[in-house]
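Written below as structure tokens is the structure these notes are about.
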Amino acid sequence: MDTESTYSGYSYYSGRSRGSHRHGERSRDRHKPRSKDSRSEKSVTINTPPAEPLLGDSAVRGEQVQDDNWGETTTAVTGTSEHSLSQEDIVRITKDLEDSVGLDCRRYFTLTLAVILGLLVFLTPLAFLVLPHLLWPEKLQSCGTACEGLFISVAFKLLILLLAVWALFFRSPRAGLPRVFVFRALLSVLVLLFVVSYWLFYGVRILDSQDENYQGIVQYAVSLVDALLFIHYLAIVLLELRQLQPCFSVCVTRSTDGEMRHYNLGQLSVQRAALAVLEHYYCDFSVHNPALLSASKSRAAKHLAGLKVYNVDGEFPAAPAEGPGNNAAAGLAHSQSRAMIAAAARRRDSSHNELYYEDAEHERRVRKRKARLVVAVEEAFTHIKRLQEEEQKKAPGDVMDPREAAQAIFPSMARALQKYLRTTKQQHCHSMESIQQHLAFCITNNMTPKAFLESYLTPGPTLQYSRDHWMARQWTLVSEASVTSGLRDGSIFLLKCVDFSLVVTTKSIPYIQMSEEFIDPKSHKFVLRLQSETSV
């Protein structure tokens with residue numbers, strides 16, 4: 001059992017060994033506040049919907065956190081816990097809870113303001129039409145045919161505006177951005193000022209004077225609705241159409257393994273560009289697997305442990321002033337030190353051979369495990385076909401459902417699949433339950449063994465795996481420029497998570513100058529002259 005284990009994104013430490021103490025110091029250093037060396041950087045957070053596990057949680061960080069022996073046996077261990085919770089962890093947990101509460105309050109506050117503004121917009125034209133009938137009904141002039149036609153116009157325009165606002169603004173939020181969306185805030189302020197201006201004019205020119213021309217009042221309400229429709233068109237241009245034309249090419253690099261992707265983005269702010277990068281990341285990048293990085297780290301640690309440093313030019317311990325035997329011993333030690341340094345250098349130069357043979361041995365083991373897995377899965381699916389042929393002869397009540405069929409054939413392939421996942425360091429990405437669900441899905445849709453194995457032989461995108469392994473509750477956006485400013489050529493920002501970060505560099509798409517060259521169609525014509533005489 002490891003001396004350090006994690007659960008739900010929080011670290012627990014055991015004080016029984018030096019290794020756990022070192023790991024504890026490293027984890028505490030990671031959770032310390034940022035130093036003042038990065039004064040030029042601005043760090044803000046992008047939060048996805050709450051109540052989701054952290055990326056890099058116990059299921060991802062630990063090599064053996066979940067039960068990886070589901071192919072052989074299942075063991076339950078009970079006993080007294082040896083782990084303790086540090087004071088820094090308690091402070092960090094409290095801060096996370098406060099941040100989540102603050103984010104929820106801000107989200108509901110924004111929604112409340114949007115609902116209030118929407119009600120004000122839609123009730124204002126109706127109030128313009130109703131108030132004269134309530135305050136001075138005896139003074140109003142009769143509404144003719146043209147006035148009644150304006151009622152129909154107002155009704156349909158309000159219905160169209162309601163559907164348009166619902167389609168554009170009232171959508172479930174994809175993420176919580178650290179700063180306000182500038183264009184949306186400007187549009188909200190514009191609508192508020194516009195409605196207040198109409199109310200001021202209505203109060204001064206109609207309510208105070210008790211205008212008797214009701215048709216003019218109806219036309220005033222129609223003009224308000226028309227203006228609101230034009231503002232909605234402006235919102236579509238600023239919020240949706242402006243960002244469609246690609247203007248920048250961004251390069252996204254994962255810091256741990258160097259996986260890289262390129263995307264084209266339009267005129268976006270830094271925070272909205274970061275949101276677009278994260279949406280592409282979950283669909284295009286392979287799942288982050290820290291277990292693949294542990295092999296190179298252990299190899300480097302082993303290499304450093306094999307090197308020894310000797311002080312050749314240093315002074316040796318003081319020897320008696322007289323005695324040729326002591327001088328001879330010092331010379332012998334000097335020569336032995338040089339010989340050992342040369343041997344260590346030769347061993348260091350041959351480390352690439354060790355790496356080559358380690359990689360070759362690993363590839364051989366992977367191919368061997370893969371062959372065994374393919375054979376086991378094909379035999380299991382052949383057994384399924386035999387069961388299906390037998391079930392066709394049975395009564396309808398005795399037919400086995402896909403879930404039961406998956407549970408029946410899973411033990412025959414479990415051991416081979418488990419060994420392959422361990423060899424390829426994927427055992428933490430697939431649980432026994434998820435594999436059985438995928439197997440039942442393949443049986444239900446009559447898929448082939450190759451279709452079933454594709455999810456395990458080829459690393460898929462991040463969204464393919466369970467939320468416990470990829471869903472991050474919080475990302476930190478680090479940018480020197482303001483996150484509400486637009487993208488520029490050469491802009492660089494970071495998206496940090498628990499275990500890794502995404503480095504994003506921006507390049508503007510160059511201006512392309514094209515010219516036209518006219519080719520005369522007659523220039524392609526030629527004459528083929530054949531000689532009448534031929535050789536005999």
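Just remember, in the structure tokens the first chain shown is A, the second B, etc., residues are 1-based per chain, and ligands are 1-based in the order shown.
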Which residues come within 6 Å of range 268-282 of chain A, counting only C-alpha atoms, excluding same-chain residues fewer than 3 positions away, as a compact mmCIF listing (two decimals) with N, CA, C and O atoms, in the first residue's frame?
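After the write, selection_13.txt holds the following:
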# COMPACT_ATOMS: atom_id res chain seq x y z
N PHE A 285 -7.97 15.76 -27.48
CA PHE A 285 -6.78 15.25 -26.79
C PHE A 285 -7.08 13.89 -26.17
O PHE A 285 -8.20 13.64 -25.70
N THR A 462 -10.61 12.36 -24.58
CA THR A 462 -10.83 12.43 -23.14
C THR A 462 -12.27 12.15 -22.75
O THR A 462 -12.55 11.53 -21.72
N LEU A 463 -13.22 12.59 -23.57
CA LEU A 463 -14.63 12.39 -23.23
C LEU A 463 -15.06 10.94 -23.28
O LEU A 463 -16.15 10.60 -22.83
N VAL A 483 -8.03 39.33 -19.28
CA VAL A 483 -8.78 38.23 -19.87
C VAL A 483 -9.98 38.71 -20.66
O VAL A 483 -10.55 37.95 -21.45
N THR A 484 -10.38 39.97 -20.48
CA THR A 484 -11.47 40.51 -21.27
C THR A 484 -11.00 41.17 -22.56
O THR A 484 -11.82 41.55 -23.40
N SER A 485 -9.69 41.31 -22.74
CA SER A 485 -9.16 41.88 -23.97
C SER A 485 -9.16 40.84 -25.08
O SER A 485 -9.18 39.63 -24.82
N GLY A 486 -9.12 41.30 -26.32
CA GLY A 486 -9.17 40.38 -27.45
C GLY A 486 -7.85 39.71 -27.71
O GLY A 486 -6.78 40.13 -27.21
N LEU A 487 -7.90 38.62 -28.47
CA LEU A 487 -6.68 37.93 -28.86
C LEU A 487 -5.84 38.81 -29.78
O LEU A 487 -6.36 39.57 -30.60
Subject >> Shell around Met413 in chain A at 9 Å using only C-alpha atoms, local window under 4 positions removed, as an MDAnalysis selection string >> reply: chainID A and resid 71 373 375:377 379:380 409 417:418
Original post:
Restricting the calculation to only C-alpha atoms, which member of A:Val196, A:Cys247, A:Ile492, A:Leu292 is positioned closest to Gln427 in chain A?
Top reply: A:Leu292
Subject >> Nearest residue to Ala291 in chain A from the set A:Thr424, A:Gln388, A:Ser197, A:Gln219 (distances using only C-alpha atoms) >> reply: A:Thr424
**OP:** For Phe183 in chain A, work out the shell of residues within 10 Å, counting only C-alpha atoms and skipping chain neighbours fewer than 6 positions away, then give it as a list in words.
**Re:**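 Result of the neighbour search: Val189, Ala235, Leu238 and Leu239 of chain A.
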Subject >> Selected residue, from A:Trp136, A:Phe452, A:Phe109, A:Phe156, that lies nearest to Ser209 in chain A when counting only C-alpha atoms >> reply: A:Trp136
Subject >> Residue list (alpha helix (DSSP H), DSSP) for range 373-505 of chain A, as a ChimeraX atom specification >> reply: /A:373-391,402-423,432-444,449-457,467-470
**OP:** Find, counting only C-alpha atoms, the residue in A:Leu129, A:Ala406, A:Cys442, A:Leu117 that gets nearest to Cys143 in chain A.
**Re:**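 Looking at the shortest contact to Cys143 in chain A, the residue is A:Leu129.
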Original post:
So, counting only C-alpha atoms, which residue among A:Arg367, A:Arg261, A:Arg254, A:His362 is closest to Phe500 in chain A?
Top reply: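 Under the stated criterion, the closest residue is A:Arg254.
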Original post:
Near Trp199 in chain A, within 9 Å and counting only C-alpha atoms, which residues show up once chain neighbours fewer than 4 positions away are dropped, as an MDAnalysis selection string?
Top reply: chainID A and resid 124 128 194:195 203:204
Original post:
Which is closest to Val504 in chain A among A:Ser523, A:Ser188, A:Ser479, A:Gln267, if we use only C-alpha atoms?
Top reply: A:Ser479
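What separates CA of Gly266 in chain A from CA of Leu187 in chain A is a distance of 20.2 Å.
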